[in-house]
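The file query.txt comes next; it holds compact mmCIF, C-alpha atoms (C1' of nucleotides).
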# COMPACT_ATOMS: atom_id res chain seq x y z
CA MET A 1126 96.60 95.63 85.51
CA LEU A 1127 94.67 92.55 85.99
CA LYS A 1128 91.19 91.98 84.67
CA THR A 1129 89.89 94.09 81.90
CA LYS A 1130 91.96 97.13 82.19
CA LYS A 1131 91.88 97.41 78.45
CA ARG A 1132 94.52 99.95 77.96
CA TYR A 1133 94.30 99.75 74.26
CA ASP A 1134 91.63 100.40 71.80
CA CYS A 1135 94.36 102.23 70.11
CA ALA A 1136 95.97 101.93 66.78
CA ALA A 1137 98.55 99.53 65.47
CA GLY A 1138 101.16 99.48 68.20
CA CYS A 1139 99.10 97.86 70.87
CA PRO A 1140 100.44 94.35 70.94
CA VAL A 1141 103.39 95.96 72.64
CA GLU A 1142 101.11 97.05 75.41
CA VAL A 1143 99.48 93.68 75.61
CA THR A 1144 102.85 92.25 76.45
CA LEU A 1145 103.82 95.04 78.77
CA ASP A 1146 100.59 94.70 80.64
CA LEU A 1147 101.35 91.13 81.56
CA ILE A 1148 104.90 91.64 82.52
CA ASP A 1149 104.90 95.04 84.14
CA GLY A 1150 103.92 95.56 87.72
CA LYS A 1151 106.88 95.95 89.96
CA TRP A 1152 107.91 92.33 90.25
CA LYS A 1153 106.40 90.27 87.51
CA GLY A 1154 109.26 90.69 85.13
CA VAL A 1155 111.82 89.54 87.64
CA ILE A 1156 109.64 86.70 88.80
CA VAL A 1157 109.37 85.36 85.28
CA TYR A 1158 113.08 85.81 84.88
CA HIS A 1159 113.85 83.72 87.90
CA LEU A 1160 111.33 81.07 86.98
CA LEU A 1161 113.14 80.63 83.70
CA SER A 1162 115.73 78.72 85.67
CA GLY A 1163 113.16 76.29 86.95
CA THR A 1164 110.32 75.70 89.38
CA LEU A 1165 110.52 77.55 92.66
CA ARG A 1166 108.71 77.41 95.96
CA PHE A 1167 107.20 80.52 97.41
CA ASN A 1168 109.94 81.25 99.87
CA GLU A 1169 112.59 80.54 97.33
CA ILE A 1170 111.18 83.32 95.24
CA ARG A 1171 111.04 85.54 98.28
CA ARG A 1172 114.68 84.99 98.93
CA LYS A 1173 115.46 86.04 95.39
CA LEU A 1174 113.44 89.21 95.80
CA PRO A 1175 114.34 90.39 99.28
CA SER A 1176 112.78 93.78 98.92
CA ALA A 1177 109.43 92.54 97.78
CA THR A 1178 106.86 92.18 100.49
CA GLN A 1179 105.10 88.89 100.99
CA ARG A 1180 101.79 90.39 100.06
CA MET A 1181 103.12 91.82 96.82
CA LEU A 1182 104.72 88.57 95.84
CA THR A 1183 101.58 86.54 96.28
CA ARG A 1184 99.57 89.11 94.41
CA GLN A 1185 101.92 89.29 91.48
CA LEU A 1186 102.15 85.53 91.35
CA ARG A 1187 98.40 85.26 91.30
CA GLU A 1188 98.13 87.72 88.49
CA LEU A 1189 100.72 85.83 86.53
CA GLU A 1190 98.71 82.71 87.19
CA GLU A 1191 95.53 84.41 86.03
CA CYS A 1192 97.04 85.32 82.69
CA GLY A 1193 98.20 81.78 82.24
CA LEU A 1194 101.88 82.55 82.44
CA VAL A 1195 102.56 80.76 85.68
CA LEU A 1196 101.35 77.46 87.05
CA ARG A 1197 100.71 77.24 90.76
CA THR A 1198 100.77 73.84 92.36
CA VAL A 1199 99.59 73.33 95.92
CA TYR A 1200 100.62 70.18 97.71
CA ALA A 1201 98.20 68.92 100.32
CA GLN A 1202 100.62 68.53 103.15
CA VAL A 1203 101.74 70.09 106.37
CA PRO A 1204 103.70 72.26 106.38
CA PRO A 1205 102.26 73.58 103.14
CA ARG A 1206 104.18 73.58 99.95
CA VAL A 1207 103.45 75.56 96.84
CA ASP A 1208 105.38 75.39 93.64
CA TYR A 1209 105.50 78.00 90.96
CA ALA A 1210 106.52 77.22 87.43
CA LEU A 1211 106.18 78.86 84.07
CA THR A 1212 103.53 77.53 81.76
CA GLU A 1213 104.31 76.93 78.13
CA GLU A 1214 103.09 80.42 77.37
CA GLY A 1215 105.14 81.81 80.20
CA ARG A 1216 108.23 80.15 78.88
CA SER A 1217 107.55 81.68 75.50
CA LEU A 1218 108.50 84.97 77.12
CA GLU A 1219 112.02 83.73 77.58
CA GLU A 1220 113.45 85.53 74.58
CA ILE A 1221 111.97 88.83 75.67
CA VAL A 1222 112.89 88.54 79.30
CA ARG A 1223 116.43 87.49 78.56
CA ALA A 1224 116.76 90.34 76.13
CA MET A 1225 115.52 92.73 78.79
CA HIS A 1226 117.98 91.29 81.23
CA ALA A 1227 120.88 91.72 78.85
CA TRP A 1228 119.83 95.22 77.89
CA GLY A 1229 119.43 96.18 81.54
CA GLU A 1230 122.93 95.00 82.30
CA ARG A 1231 124.39 97.05 79.53
CA ARG A 1232 122.39 100.01 80.67
CA LEU A 1233 123.78 99.65 84.18
CA GLU A 1234 127.30 99.49 82.82
CA ARG A 1235 126.76 102.63 80.81
CA LEU A 1236 125.38 104.41 83.85
CA ALA A 1237 128.34 103.29 85.91
CA GLN A 1238 130.72 104.73 83.34
CA VAL A 1239 128.91 108.04 83.37
CA GLN A 1240 129.16 108.00 87.15
CA ALA A 1241 132.83 107.25 87.02
CA ALA A 1242 133.41 110.15 84.66
CA ALA A 1243 131.95 112.47 87.27
CA MET B 969 109.06 105.95 87.58
CA LEU B 970 111.21 108.82 86.78
CA LYS B 971 114.04 110.06 88.94
CA THR B 972 115.52 107.78 91.49
CA LYS B 973 112.75 105.45 92.16
CA LYS B 974 115.27 102.72 92.75
CA ARG B 975 112.99 99.79 92.77
CA TYR B 976 115.78 97.36 93.12
CA ASP B 977 118.41 96.72 95.60
CA CYS B 978 117.46 93.21 95.02
CA ALA B 979 119.33 90.19 93.89
CA ALA B 980 120.41 89.04 90.49
CA GLY B 981 117.34 89.51 88.37
CA CYS B 982 117.22 93.25 88.56
CA PRO B 983 118.51 94.25 85.19
CA VAL B 984 115.12 93.07 84.04
CA GLU B 985 113.54 95.68 86.21
CA VAL B 986 115.94 98.33 85.03
CA THR B 987 114.66 97.78 81.55
CA LEU B 988 111.04 97.52 82.57
CA ASP B 989 111.31 100.73 84.50
CA LEU B 990 112.26 102.65 81.41
CA ILE B 991 109.75 101.14 79.12
CA ASP B 992 106.73 100.58 81.30
CA GLY B 993 104.30 103.31 82.12
CA LYS B 994 101.18 103.12 80.10
CA TRP B 995 102.46 104.49 76.81
CA LYS B 996 106.22 104.41 76.71
CA GLY B 997 106.45 101.03 75.13
CA VAL B 998 104.15 101.93 72.29
CA ILE B 999 105.81 105.27 71.79
CA VAL B 1000 109.17 103.64 71.37
CA TYR B 1001 107.60 101.14 69.04
CA HIS B 1002 106.21 103.83 66.80
CA LEU B 1003 109.41 105.82 66.85
CA LEU B 1004 111.21 102.79 65.51
CA SER B 1005 109.69 103.68 62.18
CA GLY B 1006 111.20 107.13 62.26
CA THR B 1007 111.00 110.61 63.69
CA LEU B 1008 107.55 111.89 64.57
CA ARG B 1009 106.04 115.21 65.50
CA PHE B 1010 103.99 115.53 68.62
CA ASN B 1011 100.63 115.39 66.95
CA GLU B 1012 101.67 112.55 64.76
CA ILE B 1013 102.30 110.52 67.85
CA ARG B 1014 98.99 111.64 69.25
CA ARG B 1015 97.22 110.36 66.20
CA LYS B 1016 98.85 107.00 66.65
CA LEU B 1017 97.74 106.85 70.26
CA PRO B 1018 94.20 108.20 70.14
CA SER B 1019 93.31 107.15 73.64
CA ALA B 1020 96.29 108.77 75.29
CA THR B 1021 95.70 112.21 76.70
CA GLN B 1022 97.86 115.10 75.64
CA ARG B 1023 99.18 115.49 79.13
CA MET B 1024 100.16 111.87 79.39
CA LEU B 1025 101.91 111.89 76.06
CA THR B 1026 104.07 114.85 76.91
CA ARG B 1027 104.89 113.39 80.28
CA GLN B 1028 105.87 110.03 78.94
CA LEU B 1029 107.90 111.63 76.18
CA ARG B 1030 109.72 113.75 78.71
CA GLU B 1031 110.53 110.76 80.81
CA LEU B 1032 111.83 108.95 77.80
CA GLU B 1033 113.92 111.99 77.04
CA GLU B 1034 115.21 112.10 80.59
CA CYS B 1035 116.47 108.53 80.40
CA GLY B 1036 118.19 109.29 77.16
CA LEU B 1037 116.03 107.08 75.02
CA VAL B 1038 114.36 109.83 73.05
CA LEU B 1039 115.67 113.01 71.53
CA ARG B 1040 113.39 116.02 71.54
CA THR B 1041 114.03 118.75 69.02
CA VAL B 1042 112.26 122.07 69.25
CA TYR B 1043 112.21 124.27 66.18
CA ALA B 1044 112.05 127.98 66.83
CA GLN B 1045 109.18 128.84 64.60
CA VAL B 1046 105.52 129.68 64.62
CA PRO B 1047 103.50 127.59 64.73
CA PRO B 1048 105.75 125.50 66.93
CA ARG B 1049 107.20 122.26 65.82
CA VAL B 1050 108.68 119.56 67.95
CA ASP B 1051 110.23 116.38 66.69
CA TYR B 1052 110.74 113.21 68.61
CA ALA B 1053 113.25 110.61 67.61
CA LEU B 1054 114.95 107.67 69.25
CA THR B 1055 118.48 108.14 70.44
CA GLU B 1056 121.07 105.51 69.77
CA GLU B 1057 120.27 103.96 73.10
CA GLY B 1058 116.59 104.12 72.35
CA ARG B 1059 117.09 102.35 69.10
CA SER B 1060 118.99 99.66 70.91
CA LEU B 1061 115.65 98.67 72.37
CA GLU B 1062 114.44 97.68 68.96
CA GLU B 1063 114.99 93.99 69.42
CA ILE B 1064 113.08 93.94 72.67
CA VAL B 1065 110.22 96.09 71.51
CA ARG B 1066 109.77 94.16 68.31
CA ALA B 1067 109.85 90.94 70.26
CA MET B 1068 107.19 92.31 72.56
CA HIS B 1069 105.12 93.33 69.60
CA ALA B 1070 105.34 89.92 68.02
CA TRP B 1071 104.58 88.16 71.26
CA GLY B 1072 101.62 90.42 71.90
CA GLU B 1073 100.17 89.62 68.53
CA ARG B 1074 100.45 85.92 69.12
CA ARG B 1075 98.88 86.40 72.50
CA LEU B 1076 95.96 88.23 70.96
CA GLU B 1077 95.49 85.47 68.44
CA ARG B 1078 95.46 82.87 71.17
CA LEU B 1079 92.91 84.86 73.13
CA ALA B 1080 90.76 85.23 70.05
CA GLN B 1081 90.77 81.49 69.57
CA VAL B 1082 89.74 80.90 73.14
CA GLN B 1083 86.96 83.40 72.63
CA ALA B 1084 85.83 81.68 69.47
CA ALA B 1085 85.71 78.37 71.25
CA ALA B 1086 83.25 79.83 73.72
C1' DC C 682 100.92 123.54 67.30
C1' DG C 683 102.58 121.76 71.42
C1' DG C 684 102.20 122.26 75.36
C1' DA C 685 101.59 123.92 81.05
C1' DA C 686 98.48 124.41 85.13
C1' DT C 687 94.91 122.58 88.12
C1' DC C 688 92.01 119.50 90.10
C1' DC C 689 90.88 114.89 91.23
C1' DC C 690 90.65 109.88 92.19
C1' DA C 691 91.63 104.89 91.91
C1' DC C 692 94.63 101.79 93.02
C1' DA C 693 99.38 99.87 93.12
C1' DG C 694 102.11 98.94 96.61
C1' DG C 695 104.15 99.33 101.57
C1' DA C 696 103.92 98.04 106.76
C1' DT C 697 102.27 95.29 110.11
C1' DA C 698 99.78 91.61 112.35
C1' DC C 699 97.41 87.26 112.34
C1' DT C 700 96.52 82.08 110.64
C1' DG C 701 95.69 76.94 109.06
C1' DC D 1353 105.36 77.40 105.10
C1' DA D 1354 102.55 80.14 102.53
C1' DG D 1355 99.75 82.72 102.85
C1' DT D 1356 95.20 86.34 104.46
C1' DA D 1357 93.47 90.66 106.58
C1' DT D 1358 93.76 95.68 107.50
C1' DC D 1359 95.15 100.01 107.18
C1' DC D 1360 97.45 103.75 104.83
C1' DT D 1361 99.99 106.54 101.31
C1' DG D 1362 101.93 108.10 96.87
C1' DT D 1363 101.32 108.79 92.49
C1' DG D 1364 100.02 107.36 87.91
C1' DG D 1365 96.88 108.89 85.05
C1' DG D 1366 92.28 111.15 83.49
C1' DA D 1367 89.53 115.57 82.46
C1' DT D 1368 89.49 120.15 81.71
C1' DT D 1369 91.08 124.78 80.95
C1' DC D 1370 94.40 128.17 79.54
C1' DC D 1371 98.73 129.85 76.76
C1' DG D 1372 102.66 131.75 73.39
Rewrite the structure from the file as structure tokens, please.
Amino acid sequence: MLKTKKRYDCAAGCPVEVTLDLIDGKWKGVIVYHLLSGTLRFNEIRRKLPSATQRMLTRQLRELEECGLVLRTVYAQVPPRVDYALTEEGRSLEEIVRAMHAWGERRLERLAQVQAAA
Amino acid sequence: MLKTKKRYDCAAGCPVEVTLDLIDGKWKGVIVYHLLSGTLRFNEIRRKLPSATQRMLTRQLRELEECGLVLRTVYAQVPPRVDYALTEEGRSLEEIVRAMHAWGERRLERLAQVQAAA
DNA sequence: CGGAATCCCACAGGATACTG
DNA sequence: CAGTATCCTGTGGGATTCCG
């Protein structure tokens, strides 16, 4: 997922994969979603994603940083403090991420209805 | 990815993951993208995704079918013929997928510029 | 033509423990 | 607080072969 995984040498549809590559990976999508609301410290993000392990969070955040979607700011102080914020490019994902959020909600509603019917 | 992988029991951001779950997975995004243009036969899809293996394509298509995003139609004839089309729900992803496509293209342009600078 | 069956491996991701 | 460091497992995904 990170580095040169070069999933695509394929035909015309690949920009879709370019985007997916950056945003897929278990937690990245949600992280970006939460960062849309503003800068967050590491543990704040953790609290928003209770079922993500610490290790996974740091890794996903680092990958997001690597692709230039997230800005990581370390304050030289004790106890440590690290802020995560979207970069300009990261924020440019807003439309997509919000759309995914809305779609996901509708999907959940639909599923709930199907459940209810049974 | 298929079945009840239930990635999320998490907090508020999860609908994002719901969506990602359906559309991630190496080829699903691109498949949906191509199906936006209309129904395709198996080998037509293959031709659009040269670097996807046959096995992967069928698997991803089946998963898409399972989630109700893609409709698979088998014609009882020899040689066989199988059509793949988006369901209503699948087509409702259009906005997202197109947005991802557009974003990916811009991303590629940006990367190209950075390359050129170096 | 549109697969299914097998074999195989890298690595995403979890659990747990330690640290400046 | 915000991480590393290890160890371990599942499975996503590739390659290849066979089939109605």
Skipping near chain neighbours, those fewer than 2 positions away, what residues fall within 12 Å of D:DG1355 using all atoms listed in the file, listed as JSON, numbers by chain?
{"A": [1167, 1168, 1179, 1180, 1181, 1182, 1183, 1184, 1187, 1199, 1204, 1205, 1206, 1207], "C": [699, 700, 701], "D": [1353, 1357]}
Would you mind listing, for every residue of stretch 1175-1207 of chain A within 12 Å of stretch 1062-1080 of chain B, the two atoms forming the shortest contact and the distance between them in Å to one decimal, using all atoms listed in the file, sorted by chain and ascending residue number, as a Markdown table?
| residue | atom | partner | partner_atom | distance |
| --- | --- | --- | --- | --- |
| A:Cys1192 | CA | B:Arg1075 | CA | 10.4 |
| A:Gly1193 | CA | B:Arg1075 | CA | 10.8 |
| A:Leu1194 | CA | B:Arg1075 | CA | 11.1 |
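The nearest approach to chain C among the residues A:Tyr1209, A:Trp1152, A:Tyr1158, A:Tyr1200, with all atoms listed in the file taken into account, belongs to A:Trp1152.
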In Å, with one decimal, what is the gap from atom CA of B:Ile1013 to atom CA of B:Arg1040?
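Atom CA of B:Arg1040 lies at a distance of 12.9 Å from atom CA of B:Ile1013.
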Exercise answer, chain C residues close to chain B, 12 Å and all atoms listed in the file, as a VMD selection string
chain C and resid 682 to 686 694
Could you check the closest approach to chain B for each of A:Gln1240, A:Gln1185, A:Thr1144, A:Thr1178 and tell me which residue wins, using only C-alpha atoms?
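Once distances to chain B are computed over only C-alpha atoms, the minimum belongs to A:Thr1144.
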Taking all atoms listed in the file into account, name the residue in D:DG1372, D:DA1367, D:DG1362, D:DT1356 that is nearest to chain A.
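Among the listed residues, D:DT1356 lies closest to chain A.
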Residues at most 12 Å from C:DC688, counting all atoms listed in the file, excluding those fewer than 3 positions away in the same chain, as a list in words?
DG1366, DA1367, DT1368 and DT1369 of chain D
Taking all atoms of stretch 683-701 of chain C that the file lists and extending 5 Å past them on each side, where is the centre of the axis-aligned box and how long are its edges? Answer in Å to one decimal, as AutoDock Vina command-line options.
--center_x 97.4 --center_y 100.7 --center_z 91.9 --size_x 23.5 --size_y 57.5 --size_z 50.9
Rounded to one decimal place, report the atom CA of B:Leu1029-atom CA of B:Gly1006 distance in Å.
15.0 Å
At what distance in Å, to one decimal, does atom CA of A:Glu1191 lie from atom CA of B:Gln1081?
17.4 Å
Restricting the calculation to all atoms listed in the file, which member of A:Leu1196, A:Gly1215, A:Asp1208, A:Pro1140 is positioned closest to chain B?
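Of A:Leu1196, A:Gly1215, A:Asp1208, A:Pro1140, the one nearest chain B is A:Pro1140, counting all atoms listed in the file.
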Choose the residue, out of B:Leu988, B:Ala1020, B:Leu1004, B:Val998, that has the smallest atom-to-atom separation from chain D; count only C-alpha atoms (C1' of nucleotides).
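Closest to chain D of all the choices is B:Ala1020.
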Which of these residues is nearest to chain B, using all atoms listed in the file: A:Leu1174, A:Val1157, A:Ala1243, A:Ala1201?
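Selected residue with least distance to chain B: A:Leu1174.
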If I only have part of stretch 1009-1020 of chain B, can you fill in all heavy atoms and write it as a short mmCIF file (atom, residue, chain, number, x, y, z; two decimals), in the frame of the given file?
data_model
loop_
_atom_site.label_atom_id
_atom_site.label_comp_id
_atom_site.auth_asym_id
_atom_site.auth_seq_id
_atom_site.Cartn_x
_atom_site.Cartn_y
_atom_site.Cartn_z
N ARG B 1009 106.42 113.98 64.81
CA ARG B 1009 106.04 115.21 65.50
C ARG B 1009 105.04 114.85 66.59
O ARG B 1009 104.45 113.78 66.57
CB ARG B 1009 105.42 116.20 64.52
CG ARG B 1009 106.35 116.58 63.41
CD ARG B 1009 105.73 117.62 62.52
NE ARG B 1009 105.26 118.77 63.28
CZ ARG B 1009 104.91 119.92 62.71
NH1 ARG B 1009 104.99 120.05 61.39
NH2 ARG B 1009 104.49 120.92 63.45
N PHE B 1010 104.86 115.80 67.48
CA PHE B 1010 103.99 115.53 68.62
C PHE B 1010 102.60 115.03 68.20
O PHE B 1010 102.15 113.97 68.63
CB PHE B 1010 103.85 116.78 69.49
CG PHE B 1010 103.07 116.55 70.73
CD1 PHE B 1010 103.65 115.91 71.82
CD2 PHE B 1010 101.75 116.97 70.83
CE1 PHE B 1010 102.92 115.69 72.98
CE2 PHE B 1010 101.02 116.74 71.99
CZ PHE B 1010 101.60 116.10 73.07
N ASN B 1011 101.99 115.78 67.34
CA ASN B 1011 100.63 115.39 66.95
C ASN B 1011 100.56 114.12 66.10
O ASN B 1011 99.52 113.46 66.07
CB ASN B 1011 99.94 116.54 66.23
CG ASN B 1011 99.32 117.50 67.23
OD1 ASN B 1011 99.22 117.20 68.41
ND2 ASN B 1011 98.89 118.66 66.76
N GLU B 1012 101.64 113.82 65.48
CA GLU B 1012 101.67 112.55 64.76
C GLU B 1012 101.60 111.39 65.75
O GLU B 1012 100.88 110.41 65.53
CB GLU B 1012 102.94 112.45 63.91
CG GLU B 1012 102.95 113.43 62.74
CD GLU B 1012 104.24 113.37 61.94
OE1 GLU B 1012 105.32 113.17 62.55
OE2 GLU B 1012 104.18 113.56 60.72
N ILE B 1013 102.34 111.55 66.82
CA ILE B 1013 102.30 110.52 67.85
C ILE B 1013 100.90 110.44 68.45
O ILE B 1013 100.35 109.37 68.65
CB ILE B 1013 103.33 110.80 68.96
CG1 ILE B 1013 104.73 110.88 68.37
CG2 ILE B 1013 103.26 109.74 70.04
CD1 ILE B 1013 105.81 111.13 69.39
N ARG B 1014 100.35 111.60 68.69
CA ARG B 1014 98.99 111.64 69.25
C ARG B 1014 98.03 110.84 68.40
O ARG B 1014 97.20 110.08 68.89
CB ARG B 1014 98.48 113.08 69.30
CG ARG B 1014 98.80 113.78 70.58
CD ARG B 1014 97.95 115.04 70.73
NE ARG B 1014 96.70 114.79 71.41
CZ ARG B 1014 95.79 115.72 71.64
NH1 ARG B 1014 96.00 116.95 71.25
NH2 ARG B 1014 94.68 115.42 72.28
N ARG B 1015 98.14 111.05 67.10
CA ARG B 1015 97.22 110.36 66.20
C ARG B 1015 97.39 108.84 66.26
O ARG B 1015 96.45 108.09 66.07
CB ARG B 1015 97.42 110.88 64.78
CG ARG B 1015 96.32 111.86 64.34
CD ARG B 1015 96.67 112.57 63.06
NE ARG B 1015 97.24 113.90 63.31
CZ ARG B 1015 98.36 114.37 62.75
NH1 ARG B 1015 99.04 113.62 61.91
NH2 ARG B 1015 98.78 115.58 63.04
N LYS B 1016 98.60 108.43 66.56
CA LYS B 1016 98.85 107.00 66.65
C LYS B 1016 98.33 106.43 67.97
O LYS B 1016 98.11 105.22 68.09
CB LYS B 1016 100.35 106.71 66.56
CG LYS B 1016 100.98 107.32 65.32
CD LYS B 1016 101.79 106.30 64.57
CE LYS B 1016 102.40 106.91 63.33
NZ LYS B 1016 102.64 105.91 62.28
N LEU B 1017 98.20 107.29 68.94
CA LEU B 1017 97.74 106.85 70.26
C LEU B 1017 96.49 107.64 70.66
O LEU B 1017 96.52 108.41 71.62
CB LEU B 1017 98.83 107.06 71.30
CG LEU B 1017 99.88 105.98 71.49
CD1 LEU B 1017 100.32 105.34 70.20
CD2 LEU B 1017 101.06 106.55 72.23
N PRO B 1018 95.40 107.39 69.99
CA PRO B 1018 94.20 108.20 70.14
C PRO B 1018 93.70 108.26 71.58
O PRO B 1018 93.16 109.27 72.01
CB PRO B 1018 93.17 107.46 69.27
CG PRO B 1018 93.95 106.59 68.37
CD PRO B 1018 95.18 106.23 69.12
N SER B 1019 93.90 107.18 72.31
CA SER B 1019 93.31 107.15 73.64
C SER B 1019 94.25 107.67 74.72
O SER B 1019 93.93 107.65 75.90
CB SER B 1019 92.83 105.75 73.98
OG SER B 1019 93.84 104.83 73.72
N ALA B 1020 95.39 108.16 74.31
CA ALA B 1020 96.29 108.77 75.29
C ALA B 1020 95.97 110.26 75.37
O ALA B 1020 95.73 110.91 74.36
CB ALA B 1020 97.74 108.57 74.87
#
